[in-house]
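Peer 1: Dropping a structure here in structure tokens format, bear with me for questions.
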Amino acid sequence: MMFDPKMLQVYLVGGTQDVHNDVVKFLEKVELAMKSGITAFQYREKGNSKLRPNERVDLGLELRTLCTRYGIPLIVDDDYELAQQINADGVHVGQNDTKIEQVSVAVGHQMFIGYSCNTPEQVERANTMDFVDYIGCGPVFPTKSKSDADTAIGINRLERLNMISERPVVAIGGIDEENMKVVHDTGVAGLAVISLVFDSKDLAATVKKMKNLYKSSRR
């Protein structure tokens with residue numbers, strides 16, 4: 001699947017650790033989110049995940065089937081070898097993950113690449129990398145979804161990073177129904193969320209609210 005910035009609009013990130021390691025519940029929520037209109041899914045099996053390596057592959061293949069069914073890109077967090085095993089569309093790399101250059105060599109043009117950048121220097125460096133397709137910036141606000149999250153960057157820095165980036169930016173971290181509009185209004189290409197969707201009491205309605213931000217901005 002070719003990269004399109006519109007893929008970033010409603011970007012769900014998650015793994016079984018986000019639903020108390022319940023694989024069945026995880027797949028049910030992911031499929032409902034896909035039915036409801038998310039535009040991308042990132043498979044991020046981290047933190048207190050209980051899955052063994054072979055189980056991660058098996059779950060990844062189930063996610064591949066779902067993403068194909070709903071026409072949604074499947075992105076894998078950091079692990080490009082897992083991404084290759086499950087025929088993912090993209091891989092997302094953090095500053096402290098596998099070196100971005102190594103990932104680029106490994107996946108070639110088979111997948112698109114996202115790169116986490118939280119400072120002007122990091123964004124400017126990413127601007128020089130023609131293999132980076134989009135940038136992830138955050139956490140915008142404090143978040144409990146990632147135990148290894150950096151300090152929140154805030155709205156003003158997000159807006160600045162978006163302005164200097166030559167790649168489309170997806171914002172992540174602490175985004176909820178109260179602040180999603182102000183994040184959207186910085187001009188970012190999309191919003192990436194974890195707990196906002198996985199912990200929602202009405203998942204379909206939550207996804208719809210996110211989608212409506214981008215529908216209204218086209219008018």
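Just remember, in the structure tokens the first chain shown is A, the second B, etc., residues are 1-based per chain, and ligands are 1-based in the order shown.
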When DSSP works through the backbone of this structure, what residues of segment 32-183 of chain A end up as alpha helix (DSSP H), shown as an MDAnalysis selection string?

Peer 2: chainID A and resid 32:36 53:70 80:85 100:107 120:127 154:164 180:183

Peer 1: Next, write the just-selected residues to a file, as a PDB file, in the first residue's frame, keeping C-alpha atoms as the atom set.

Peer 2:
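So the final result, stored in result-v7.pdb, reads:
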ATOM      1  CA  LEU A  32     -14.837  -2.252  15.696  1.00  0.00           C
ATOM      2  CA  ALA A  33     -12.464   0.712  15.355  1.00  0.00           C
ATOM      3  CA  MET A  34     -11.830  -0.260  11.726  1.00  0.00           C
ATOM      4  CA  LYS A  35     -15.552  -0.565  11.035  1.00  0.00           C
ATOM      5  CA  SER A  36     -16.038   2.845  12.657  1.00  0.00           C
ATOM      6  CA  PRO A  53       7.442 -14.067  19.920  1.00  0.00           C
ATOM      7  CA  ASN A  54       5.477 -16.667  17.921  1.00  0.00           C
ATOM      8  CA  GLU A  55       2.216 -15.402  19.409  1.00  0.00           C
ATOM      9  CA  ARG A  56       3.087 -11.859  18.333  1.00  0.00           C
ATOM     10  CA  VAL A  57       3.492 -13.105  14.786  1.00  0.00           C
ATOM     11  CA  ASP A  58       0.207 -15.038  14.907  1.00  0.00           C
ATOM     12  CA  LEU A  59      -1.648 -11.984  16.223  1.00  0.00           C
ATOM     13  CA  GLY A  60       0.066  -9.815  13.637  1.00  0.00           C
ATOM     14  CA  LEU A  61      -1.190 -12.088  10.856  1.00  0.00           C
ATOM     15  CA  GLU A  62      -4.740 -11.765  12.201  1.00  0.00           C
ATOM     16  CA  LEU A  63      -4.328  -7.990  12.194  1.00  0.00           C
ATOM     17  CA  ARG A  64      -3.008  -8.198   8.621  1.00  0.00           C
ATOM     18  CA  THR A  65      -6.217  -9.971   7.613  1.00  0.00           C
ATOM     19  CA  LEU A  66      -8.375  -7.329   9.304  1.00  0.00           C
ATOM     20  CA  CYS A  67      -6.453  -4.414   7.803  1.00  0.00           C
ATOM     21  CA  THR A  68      -6.745  -5.921   4.336  1.00  0.00           C
ATOM     22  CA  ARG A  69     -10.465  -6.503   4.816  1.00  0.00           C
ATOM     23  CA  TYR A  70     -11.098  -2.873   5.772  1.00  0.00           C
ATOM     24  CA  TYR A  80      10.902  -4.318  11.179  1.00  0.00           C
ATOM     25  CA  GLU A  81      11.514  -8.069  11.191  1.00  0.00           C
ATOM     26  CA  LEU A  82       8.026  -8.638  12.611  1.00  0.00           C
ATOM     27  CA  ALA A  83       6.713  -6.148  10.042  1.00  0.00           C
ATOM     28  CA  GLN A  84       8.271  -8.238   7.274  1.00  0.00           C
ATOM     29  CA  GLN A  85       6.894 -11.486   8.705  1.00  0.00           C
ATOM     30  CA  ILE A 100      16.244   4.612  11.327  1.00  0.00           C
ATOM     31  CA  GLU A 101      18.941   4.074   8.685  1.00  0.00           C
ATOM     32  CA  GLN A 102      19.057   0.369   9.514  1.00  0.00           C
ATOM     33  CA  VAL A 103      15.288   0.109   9.123  1.00  0.00           C
ATOM     34  CA  SER A 104      15.424   1.922   5.798  1.00  0.00           C
ATOM     35  CA  VAL A 105      18.020  -0.480   4.425  1.00  0.00           C
ATOM     36  CA  ALA A 106      16.090  -3.492   5.717  1.00  0.00           C
ATOM     37  CA  VAL A 107      12.672  -2.601   4.310  1.00  0.00           C
ATOM     38  CA  PRO A 120      13.355  20.992  16.150  1.00  0.00           C
ATOM     39  CA  GLU A 121      16.762  19.370  15.693  1.00  0.00           C
ATOM     40  CA  GLN A 122      15.236  15.940  15.255  1.00  0.00           C
ATOM     41  CA  VAL A 123      12.678  17.237  12.770  1.00  0.00           C
ATOM     42  CA  GLU A 124      15.325  19.086  10.761  1.00  0.00           C
ATOM     43  CA  ARG A 125      17.400  15.913  10.601  1.00  0.00           C
ATOM     44  CA  ALA A 126      14.354  13.949   9.443  1.00  0.00           C
ATOM     45  CA  ASN A 127      13.804  16.547   6.720  1.00  0.00           C
ATOM     46  CA  GLY A 154       2.578  20.937  24.602  1.00  0.00           C
ATOM     47  CA  ILE A 155       0.523  22.601  21.896  1.00  0.00           C
ATOM     48  CA  ASN A 156       2.935  25.453  21.111  1.00  0.00           C
ATOM     49  CA  ARG A 157       5.880  23.167  20.431  1.00  0.00           C
ATOM     50  CA  LEU A 158       3.701  20.796  18.417  1.00  0.00           C
ATOM     51  CA  GLU A 159       2.634  23.698  16.234  1.00  0.00           C
ATOM     52  CA  ARG A 160       6.252  24.743  15.748  1.00  0.00           C
ATOM     53  CA  LEU A 161       7.402  21.216  14.894  1.00  0.00           C
ATOM     54  CA  ASN A 162       4.585  20.898  12.390  1.00  0.00           C
ATOM     55  CA  MET A 163       5.587  24.170  10.751  1.00  0.00           C
ATOM     56  CA  ILE A 164       9.227  23.175  10.238  1.00  0.00           C
ATOM     57  CA  MET A 180      -8.540  16.810  20.231  1.00  0.00           C
ATOM     58  CA  LYS A 181      -9.789  19.906  18.407  1.00  0.00           C
ATOM     59  CA  VAL A 182      -6.994  22.152  19.659  1.00  0.00           C
ATOM     60  CA  VAL A 183      -4.478  19.496  18.573  1.00  0.00           C
TER      61      VAL A 183
END

Peer 1: List every residue of segment 16-85 of chain A that DSSP, applied to the backbone, labels as strand (DSSP E), and write the result as a count of residues only.

Peer 2: 8

Peer 1: Calculated over only C-alpha atoms, which of the candidates A:Val169, A:Met111, A:Leu213, A:Leu203 has the smallest distance to Glu28 of chain A?

Peer 2: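 Checking each of A:Val169, A:Met111, A:Leu213, A:Leu203 against Glu28 of chain A, counting only C-alpha atoms, the winner is A:Leu203.
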
Peer 1: Using Å and a single decimal, report how far atom CA of Val193 of chain A sits from atom CA of Gly37 of chain A.

Peer 2: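 According to the coordinates, atom CA of Gly37 of chain A and atom CA of Val193 of chain A are separated by 13.6 Å.
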
Peer 1: Pick the closest to Ser165 of chain A from A:Met129, A:Met210, A:Leu191, A:Leu8: which is it, counting only C-alpha atoms?

Peer 2: A:Met129

Peer 1: Pick from A:Asp89, A:Glu177, A:Asp18, A:Asp78: nearest to Met2 of chain A, with only C-alpha atoms counted?

Peer 2: A:Asp89

Peer 1: Can you tell me, as a PyMOL selection string, what residues are no more than 8 Å from Ile194 of chain A when counting only C-alpha atoms, ignoring any on the same chain fewer than 6 positions away?

Peer 2: chain A and resi 12-14+18+145

Peer 1: With all heavy atoms retained, could you export that selection as a PDB file, in the first residue's frame?

Peer 2:
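Saved to out.pdb:
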ATOM      1  N   LEU A  12      -4.928   4.727  15.011  1.00  0.00           N
ATOM      2  CA  LEU A  12      -5.009   3.973  16.260  1.00  0.00           C
ATOM      3  C   LEU A  12      -3.727   3.178  16.486  1.00  0.00           C
ATOM      4  O   LEU A  12      -3.232   2.513  15.583  1.00  0.00           O
ATOM      5  CB  LEU A  12      -6.211   3.016  16.223  1.00  0.00           C
ATOM      6  CG  LEU A  12      -6.417   2.139  17.472  1.00  0.00           C
ATOM      7  CD1 LEU A  12      -6.640   2.989  18.717  1.00  0.00           C
ATOM      8  CD2 LEU A  12      -7.574   1.167  17.259  1.00  0.00           C
ATOM      9  N   VAL A  13      -3.215   3.266  17.705  1.00  0.00           N
ATOM     10  CA  VAL A  13      -2.002   2.554  18.105  1.00  0.00           C
ATOM     11  C   VAL A  13      -2.371   1.601  19.236  1.00  0.00           C
ATOM     12  O   VAL A  13      -3.126   1.980  20.147  1.00  0.00           O
ATOM     13  CB  VAL A  13      -0.928   3.538  18.603  1.00  0.00           C
ATOM     14  CG1 VAL A  13       0.331   2.790  19.051  1.00  0.00           C
ATOM     15  CG2 VAL A  13      -0.595   4.569  17.523  1.00  0.00           C
ATOM     16  N   GLY A  14      -1.864   0.380  19.221  1.00  0.00           N
ATOM     17  CA  GLY A  14      -2.160  -0.482  20.354  1.00  0.00           C
ATOM     18  C   GLY A  14      -1.667  -1.897  20.249  1.00  0.00           C
ATOM     19  O   GLY A  14      -1.240  -2.369  19.194  1.00  0.00           O
ATOM     20  N   ASP A  18      -2.901  -3.025  26.119  1.00  0.00           N
ATOM     21  CA  ASP A  18      -3.860  -1.931  26.279  1.00  0.00           C
ATOM     22  C   ASP A  18      -5.260  -2.415  26.632  1.00  0.00           C
ATOM     23  O   ASP A  18      -6.152  -1.603  26.883  1.00  0.00           O
ATOM     24  CB  ASP A  18      -3.899  -1.084  25.002  1.00  0.00           C
ATOM     25  CG  ASP A  18      -2.536  -0.467  24.694  1.00  0.00           C
ATOM     26  OD1 ASP A  18      -1.987   0.210  25.587  1.00  0.00           O
ATOM     27  OD2 ASP A  18      -2.020  -0.695  23.591  1.00  0.00           O
ATOM     28  N   SER A 145      -0.443   5.856  28.780  1.00  0.00           N
ATOM     29  CA  SER A 145      -0.504   4.715  27.866  1.00  0.00           C
ATOM     30  C   SER A 145       0.861   4.137  27.537  1.00  0.00           C
ATOM     31  O   SER A 145       0.979   2.985  27.159  1.00  0.00           O
ATOM     32  CB  SER A 145      -1.203   5.117  26.559  1.00  0.00           C
ATOM     33  OG  SER A 145      -2.536   5.485  26.800  1.00  0.00           O
TER      34      SER A 145
END

Peer 1: Nearest residue to Gln17 of chain A out of A:Tyr43, A:Phe131, A:Tyr214, A:Phe141, using only C-alpha atoms?

Peer 2: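 That would be A:Tyr43, the residue with the smallest distance to Gln17 of chain A.
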
Peer 1: For Ala40 of chain A, work out the shell of residues within 7 Å, counting only C-alpha atoms and skipping chain neighbours fewer than 2 positions away, then give it as a VMD selection string.

Peer 2: chain A and resid 7 to 8 10 to 12 38 42 72 to 74

Peer 1: Could you write out the selected residues, including N, CA and C atoms, as a short mmCIF file (atom, residue, chain, number, x, y, z; two decimals), in the first residue's frame?

Peer 2:
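What follows is the written file result09.cif:
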data_model
loop_
_atom_site.label_atom_id
_atom_site.label_comp_id
_atom_site.auth_asym_id
_atom_site.auth_seq_id
_atom_site.Cartn_x
_atom_site.Cartn_y
_atom_site.Cartn_z
N MET A 7 -3.89 8.91 5.52
CA MET A 7 -3.88 7.73 6.39
C MET A 7 -3.69 8.10 7.86
N LEU A 8 -3.09 9.25 8.10
CA LEU A 8 -2.73 9.64 9.45
C LEU A 8 -3.88 10.26 10.24
N VAL A 10 -6.95 9.48 11.49
CA VAL A 10 -7.47 8.80 12.67
C VAL A 10 -6.64 7.53 12.86
N TYR A 11 -5.55 7.65 13.58
CA TYR A 11 -4.47 6.67 13.64
C TYR A 11 -4.52 5.98 15.01
N LEU A 12 -4.93 4.73 15.01
CA LEU A 12 -5.01 3.97 16.26
C LEU A 12 -3.73 3.18 16.49
N ILE A 38 -11.36 4.26 11.51
CA ILE A 38 -9.97 4.65 11.67
C ILE A 38 -9.28 4.55 10.32
N GLN A 42 -1.52 0.95 14.08
CA GLN A 42 -0.13 0.57 14.41
C GLN A 42 -0.15 -0.52 15.48
N ILE A 72 -7.19 -0.74 5.41
CA ILE A 72 -6.47 0.14 6.32
C ILE A 72 -5.00 -0.28 6.38
N PRO A 73 -4.06 0.66 6.35
CA PRO A 73 -2.65 0.29 6.43
C PRO A 73 -2.29 -0.29 7.80
N LEU A 74 -1.49 -1.33 7.79
CA LEU A 74 -0.97 -1.94 9.01
C LEU A 74 0.47 -1.49 9.19
#

Peer 1: With a distance cut-off of 7 Å and only C-alpha atoms, select the neighbouring residues of Ala171 of chain A, excluding the residue or stretch itself and same-chain residues fewer than 2 positions from it, and output the selection as a ChimeraX atom specification.

Peer 2: /A:136-138,140,169,188,190-192

Peer 1: Please, what distance in Å, to one decimal, runs between atom CA of Thr119 of chain A and atom CA of Val197 of chain A?

Peer 2: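 Answer for the atom CA of Thr119 of chain A to atom CA of Val197 of chain A separation: 26.9 Å.
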
Peer 1: With only C-alpha atoms as the basis for distance, which of A:Glu45, A:Asp4, A:Glu31, A:Asp176 is at the shortest distance from Tyr134 of chain A?

Peer 2: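 Closest residue, counting only C-alpha atoms: A:Asp4.
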
Peer 1: Considering only C-alpha atoms, can you say which of A:Gln95, A:Gln9, A:Asn118, A:Asn87 comes closest to Gly187 of chain A?

Peer 2: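 For Gly187 of chain A, the nearest of the candidates is A:Gln9.
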